[in-house]
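Scroll down for the structure; my scribbles are underneath it.
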Amino acid sequence: MSPVPLLPSSGLPHLDNTLGAWLVGTFIGTLLQGTVYHQAYRYFRMYPNDPQYLKIWVIIVVLLETLNTVLTMHSSYVYLITNYFDPIALLGAPVWSMTILPIPGSLAAVVCQTFFVRRVYMVGRRYLPLVVVAMVCFLAFSGFYTALSIRSLQVNNFQEALKFSWMASTGSSFIMLGDFLVTSVLIYALRKSRTGITRTDSLLDLLIIYAISTGLVICIFNALNVAFSLAYPHNLIYSAFSIVLTKLYANTLLVALNTRKSLAQRGITGESETNPFATTILRGQKASTMVVSGRNALQTTTAAPPSQPTVIELKMMPTTQSGPSQVALDADSVKSERELADSQAI
């Protein structure tokens with residue numbers, strides 16, 4: 001006689017690709033939240049004289065990321081601890097902390113990316129159309145995730161909420177496009193600023209590598225988020241990437257602020273600048289001008305006739321047999337030779 005199951009298994013979602021994926025994303029997000037706190041601590045210690053608006057910017061990002069971490073922890077606790085012996089809870093409406101998470105998560109990402117959009121605008125106002133397009137993409141991303149949160153609050157069961165995963169994939173596509181535009185503009189502006197000076201171009205190449213490396217990780221996670229939300233819309237694997245993405249955006253912002261001092265030590269930018277790339281471009285242009293002026297001055301100096309060395313005439317004067325030999329310096333001869341050398345140099 002086969003045992004009778006105590007709980008119905010039909011209709012229950014698989015735990016490994018739903019709550020399991022959610023829990024893994026919570027773990028990784030919590031680890032990255034620790035780096036957010038560390039980077040924020042370093043920022044306030046290293047840059048106490050930064051503008052007030054920039055400090056408020058950092059505080060808002062830290063608070064939003066803290067809220068995101070609390071919400072993911074709460075939802076994991078409700079499903080995996082409180083309802084550990086009650087899997088029927090998975091058939092009901094999603095817990096409130098899980099449904100409202102897309103709002104602060106998307107808002108934190110937009111706040112972070114606005115900093116980089118501002119940096120592109122400061123590099124050159126001719127990039128204003130691309131800045132506007134990137135900002136529209138970021139706002140569209142936030143709009144889709146806010147709509148996802150609102151629709152999830154209106155459903156009666158967990159499976160029905162998963163039907164709106166297309167909103168997550170669409171929103172992630174918009175922010176991925178905006179990230180690509182911002183990174184591409186920065187790389188293009190840096191490459192256009194090459195001066196032909198080895199040191200300046202090396203510093204520019206370093207900044208290009210920095211821009212690519214910081215944007216590459218985020219771009220990879222965005223691509224995975226979109227891919228899994230399209231390929232597996234009825235599970236929460238894509239949500240794990242979304243949880244991690246918000247932390248990556250926050251860490252990228254804080255790292256960009258905290259590396260100003262190290263970049264200044266290499267002569268790339270000033271410590272008080274919030275826009276290191278624009279400063280590099282201006283310094284590169286100044287460096288090329290200074291080098292050209294230095295070369296002209298060098299050519300002028302080498303064109304002048306070399307001055308004649310001073311001639312000192314020494315004469316051996318005879319002395320008496322009882323006294324030692326004496327060496328007398330003919331002062332008049334030295335004076336005349338100096339005057340002759342000076343006139344030739346002029």
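Residue numbering restarts at 1 in every chain; chains get A, B, ... in the order shown in the structure tokens, and ligands count up from 1 in that same order.
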Report task. May I have the residues within 7 Å of stretch 245-258 of chain A as a list in words, using only C-alpha atoms and disregarding those fewer than 2 positions away in the same chain? Result ->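 Those residues are Gly29, Leu32, Gln33, Val36, Gln39, Ala40, Tyr43, Val61, Glu65, Gly105, Ala108, Ala109, Cys112, Thr214, Ile218, Phe221, Phe241, Ser242, Ile243, Arg260, Lys261 and Thr274 of chain A.
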Pull N, CA and C atoms from the residues just selected and write them as an mmCIF file, in the first residue's frame.
data_model
loop_
_atom_site.group_PDB
_atom_site.id
_atom_site.type_symbol
_atom_site.label_atom_id
_atom_site.label_comp_id
_atom_site.auth_asym_id
_atom_site.auth_seq_id
_atom_site.Cartn_x
_atom_site.Cartn_y
_atom_site.Cartn_z
ATOM 1 N N GLY A 29 23.277 39.174 -2.673
ATOM 2 C CA GLY A 29 22.961 40.578 -2.449
ATOM 3 C C GLY A 29 23.373 41.052 -1.065
ATOM 4 N N LEU A 32 27.114 41.666 -1.129
ATOM 5 C CA LEU A 32 27.415 42.926 -1.814
ATOM 6 C C LEU A 32 26.937 44.135 -1.014
ATOM 7 N N GLN A 33 25.918 43.948 -0.192
ATOM 8 C CA GLN A 33 25.471 45.041 0.672
ATOM 9 C C GLN A 33 26.574 45.411 1.667
ATOM 10 N N VAL A 36 28.832 47.669 -0.039
ATOM 11 C CA VAL A 36 28.231 49.005 -0.141
ATOM 12 C C VAL A 36 28.501 49.810 1.123
ATOM 13 N N GLN A 39 32.258 50.744 1.179
ATOM 14 C CA GLN A 39 32.580 51.820 0.241
ATOM 15 C C GLN A 39 32.008 53.154 0.725
ATOM 16 N N ALA A 40 30.815 53.129 1.298
ATOM 17 C CA ALA A 40 30.229 54.369 1.820
ATOM 18 C C ALA A 40 31.045 54.903 2.994
ATOM 19 N N TYR A 43 34.101 56.473 1.639
ATOM 20 C CA TYR A 43 33.801 57.747 0.968
ATOM 21 C C TYR A 43 33.726 58.890 1.977
ATOM 22 N N VAL A 61 21.388 56.338 -1.864
ATOM 23 C CA VAL A 61 21.707 55.026 -2.447
ATOM 24 C C VAL A 61 21.858 53.976 -1.355
ATOM 25 N N GLU A 65 19.419 50.689 -0.888
ATOM 26 C CA GLU A 65 19.971 49.339 -0.926
ATOM 27 C C GLU A 65 19.735 48.597 0.383
ATOM 28 N N GLY A 105 14.110 48.792 -5.739
ATOM 29 C CA GLY A 105 15.251 48.249 -6.486
ATOM 30 C C GLY A 105 15.525 49.027 -7.758
ATOM 31 N N ALA A 108 16.788 52.622 -6.948
ATOM 32 C CA ALA A 108 18.205 52.677 -6.587
ATOM 33 C C ALA A 108 19.087 52.626 -7.834
ATOM 34 N N ALA A 109 18.738 51.778 -8.785
ATOM 35 C CA ALA A 109 19.516 51.686 -10.020
ATOM 36 C C ALA A 109 19.470 52.994 -10.805
ATOM 37 N N CYS A 112 21.695 55.672 -9.174
ATOM 38 C CA CYS A 112 23.114 55.424 -9.454
ATOM 39 C C CYS A 112 23.470 55.795 -10.887
ATOM 40 N N THR A 214 34.045 48.346 -15.520
ATOM 41 C CA THR A 214 32.913 48.611 -14.637
ATOM 42 C C THR A 214 31.576 48.387 -15.335
ATOM 43 N N ILE A 218 28.158 44.735 -15.205
ATOM 44 C CA ILE A 218 26.741 45.091 -15.158
ATOM 45 C C ILE A 218 26.038 44.665 -16.438
ATOM 46 N N PHE A 221 25.332 40.868 -16.322
ATOM 47 C CA PHE A 221 24.208 40.512 -15.453
ATOM 48 C C PHE A 221 22.886 40.979 -16.044
ATOM 49 N N PHE A 241 19.192 37.574 -10.451
ATOM 50 C CA PHE A 241 20.080 38.524 -11.124
ATOM 51 C C PHE A 241 19.642 39.966 -10.857
ATOM 52 N N SER A 242 18.348 40.193 -10.752
ATOM 53 C CA SER A 242 17.865 41.551 -10.460
ATOM 54 C C SER A 242 18.310 42.006 -9.078
ATOM 55 N N ILE A 243 18.263 41.094 -8.104
ATOM 56 C CA ILE A 243 18.699 41.444 -6.751
ATOM 57 C C ILE A 243 20.176 41.826 -6.741
ATOM 58 N N ARG A 260 38.853 58.554 -6.936
ATOM 59 C CA ARG A 260 39.346 59.859 -7.371
ATOM 60 C C ARG A 260 40.711 60.174 -6.766
ATOM 61 N N LYS A 261 40.923 59.793 -5.520
ATOM 62 C CA LYS A 261 42.200 60.092 -4.877
ATOM 63 C C LYS A 261 43.345 59.311 -5.536
ATOM 64 N N THR A 274 34.056 65.446 -9.337
ATOM 65 C CA THR A 274 33.107 64.347 -9.466
ATOM 66 C C THR A 274 33.079 63.825 -10.887
#
Requested in this report: Quick one: everything within 10 Å of stretch 144-148 of chain A, counting only C-alpha atoms, minus sequence neighbours fewer than 4 positions away in the same chain. Send it as a list in words.
Outcome: Thr99, Ile100, Leu101, Pro102, Ile103, Pro104, Gly105, Ser106, Leu107, Leu139, Ala140, Ser152, Leu153, Ala161, Leu162, Phe164, Ser165, Trp166, Met167, Ala168, Ser169, Thr170, Gly171, Ser172 and Phe174 of chain A
With N, CA, C and O atoms retained, export the selected residues as a short mmCIF file (atom, residue, chain, number, x, y, z; two decimals), in the first residue's frame.
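Here's the written file selection_32.cif:
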data_model
loop_
_atom_site.label_atom_id
_atom_site.label_comp_id
_atom_site.auth_asym_id
_atom_site.auth_seq_id
_atom_site.Cartn_x
_atom_site.Cartn_y
_atom_site.Cartn_z
N THR A 99 6.57 41.63 -3.49
CA THR A 99 5.88 42.36 -4.57
C THR A 99 6.31 43.82 -4.68
O THR A 99 6.33 44.38 -5.78
N ILE A 100 6.65 44.44 -3.56
CA ILE A 100 7.04 45.86 -3.63
C ILE A 100 8.53 46.03 -3.87
O ILE A 100 8.98 47.16 -4.10
N LEU A 101 9.31 44.96 -3.84
CA LEU A 101 10.75 45.07 -4.03
C LEU A 101 11.14 45.72 -5.35
O LEU A 101 12.13 46.48 -5.39
N PRO A 102 10.46 45.49 -6.47
CA PRO A 102 10.89 46.13 -7.73
C PRO A 102 10.90 47.65 -7.69
O PRO A 102 11.68 48.28 -8.43
N ILE A 103 10.08 48.26 -6.82
CA ILE A 103 10.05 49.73 -6.79
C ILE A 103 11.33 50.32 -6.22
O ILE A 103 12.02 51.11 -6.89
N PRO A 104 11.72 50.00 -4.96
CA PRO A 104 12.99 50.57 -4.48
C PRO A 104 14.21 50.03 -5.22
O PRO A 104 15.22 50.73 -5.33
N GLY A 105 14.11 48.79 -5.74
CA GLY A 105 15.25 48.25 -6.49
C GLY A 105 15.53 49.03 -7.76
O GLY A 105 16.67 49.39 -8.05
N SER A 106 14.48 49.29 -8.52
CA SER A 106 14.66 50.06 -9.76
C SER A 106 15.01 51.50 -9.47
O SER A 106 15.81 52.12 -10.20
N LEU A 107 14.46 52.06 -8.40
CA LEU A 107 14.77 53.44 -8.04
C LEU A 107 16.24 53.59 -7.67
O LEU A 107 16.89 54.58 -8.06
N LEU A 139 14.41 55.73 -17.00
CA LEU A 139 13.08 55.99 -16.46
C LEU A 139 12.08 54.94 -16.94
O LEU A 139 11.17 54.54 -16.19
N ALA A 140 12.24 54.49 -18.18
CA ALA A 140 11.37 53.42 -18.68
C ALA A 140 11.60 52.14 -17.90
O ALA A 140 10.65 51.41 -17.58
N SER A 152 1.59 42.80 -9.43
CA SER A 152 1.79 41.67 -8.52
C SER A 152 0.99 41.84 -7.24
O SER A 152 0.59 40.84 -6.61
N LEU A 153 0.74 43.06 -6.83
CA LEU A 153 -0.09 43.29 -5.64
C LEU A 153 -1.56 42.97 -5.88
O LEU A 153 -2.33 42.78 -4.93
N ALA A 161 1.28 35.75 -10.53
CA ALA A 161 2.24 36.86 -10.50
C ALA A 161 3.40 36.63 -11.46
O ALA A 161 3.96 37.58 -12.02
N LEU A 162 3.74 35.36 -11.69
CA LEU A 162 4.85 35.06 -12.60
C LEU A 162 4.51 35.35 -14.05
O LEU A 162 5.42 35.42 -14.89
N PHE A 164 3.65 38.08 -15.23
CA PHE A 164 4.05 39.44 -15.56
C PHE A 164 5.57 39.58 -15.62
O PHE A 164 6.09 40.69 -15.55
N SER A 165 6.27 38.47 -15.77
CA SER A 165 7.73 38.54 -15.85
C SER A 165 8.21 39.26 -17.12
O SER A 165 9.35 39.72 -17.18
N TRP A 166 7.33 39.36 -18.13
CA TRP A 166 7.72 40.07 -19.34
C TRP A 166 8.00 41.55 -19.06
O TRP A 166 8.80 42.19 -19.77
N MET A 167 7.36 42.08 -18.03
CA MET A 167 7.65 43.47 -17.66
C MET A 167 9.08 43.61 -17.15
O MET A 167 9.76 44.61 -17.43
N ALA A 168 9.55 42.59 -16.43
CA ALA A 168 10.93 42.62 -15.95
C ALA A 168 11.92 42.54 -17.10
O ALA A 168 12.93 43.25 -17.12
N SER A 169 11.66 41.68 -18.05
CA SER A 169 12.56 41.55 -19.20
C SER A 169 12.58 42.82 -20.04
O SER A 169 13.65 43.26 -20.50
N THR A 170 11.41 43.43 -20.23
CA THR A 170 11.36 44.68 -21.01
C THR A 170 12.10 45.80 -20.29
O THR A 170 12.87 46.55 -20.91
N GLY A 171 11.84 45.93 -19.00
CA GLY A 171 12.53 46.97 -18.24
C GLY A 171 14.03 46.77 -18.21
O GLY A 171 14.80 47.73 -18.36
N SER A 172 14.47 45.53 -18.06
CA SER A 172 15.91 45.25 -18.06
C SER A 172 16.54 45.55 -19.41
O SER A 172 17.70 45.97 -19.49
N PHE A 174 15.65 47.98 -21.37
CA PHE A 174 15.81 49.43 -21.44
C PHE A 174 17.05 49.89 -20.67
O PHE A 174 17.83 50.71 -21.17
#
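Take the candidates A:Ala240, A:Val58, A:Met135, A:Met176 and check each one against A:Trp22 using only C-alpha atoms; the shortest distance goes to A:Ala240.
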Report task. Take atom CA of A:Arg45 and atom CA of A:Val120 and report the distance between them in Å, one decimal. Result ->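 Pair atom CA of A:Arg45 / atom CA of A:Val120 returns 26.5 Å.
Closest approach to A:Val78 from the set A:Leu181, A:Val117, A:Ile150, A:Leu19 is made by A:Leu19, with distances taken over only C-alpha atoms.
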Query raised in the report: Skipping near chain neighbours, those fewer than 4 positions away, what residues fall within 9 Å of A:Phe180 using only C-alpha atoms, listed as number ranges by chain?
Result: A: 134, 175-176, 184-185, 215, 219
Query raised in the report: Which is closer to A:Arg126 than all the others in A:Val155, A:Met98, A:Ala189, A:Ile88, using only C-alpha atoms?
Result: A:Ala189
Requested in this report: Record the distance separating atom CA of A:Gly25 and atom CA of A:Ser239, expressed in Å with one decimal.
Outcome: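 Rounded to one decimal, the two atoms are 7.5 Å apart.
Minimum atom-to-atom distances from A:Tyr238, A:Tyr47, A:Tyr84, A:Tyr77 to A:Thr259 were compared using only C-alpha atoms, and the lowest value belongs to A:Tyr47.
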**Report entry** DSSP alpha helix (DSSP H) residues within stretch 30-252 of chain A, listed as an MDAnalysis selection string
**Finding:** chainID A and resid 30:46 52:77 96:100 102:123 128:153 158:161 165:192 198:231 237:252
Report task. Could you check which of A:Cys137, A:Ile237, A:Leu186, A:Val244 is closest to A:Asn17, using only C-alpha atoms? Result ->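 Nearest candidate to A:Asn17 out of A:Cys137, A:Ile237, A:Leu186, A:Val244: A:Ile237.
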Query - Pairwise distance for atom CA of A:Ile212 and atom CA of A:Thr183, rounded to one decimal in Å - result: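 Computing it gives 7.1 Å between the two atoms.
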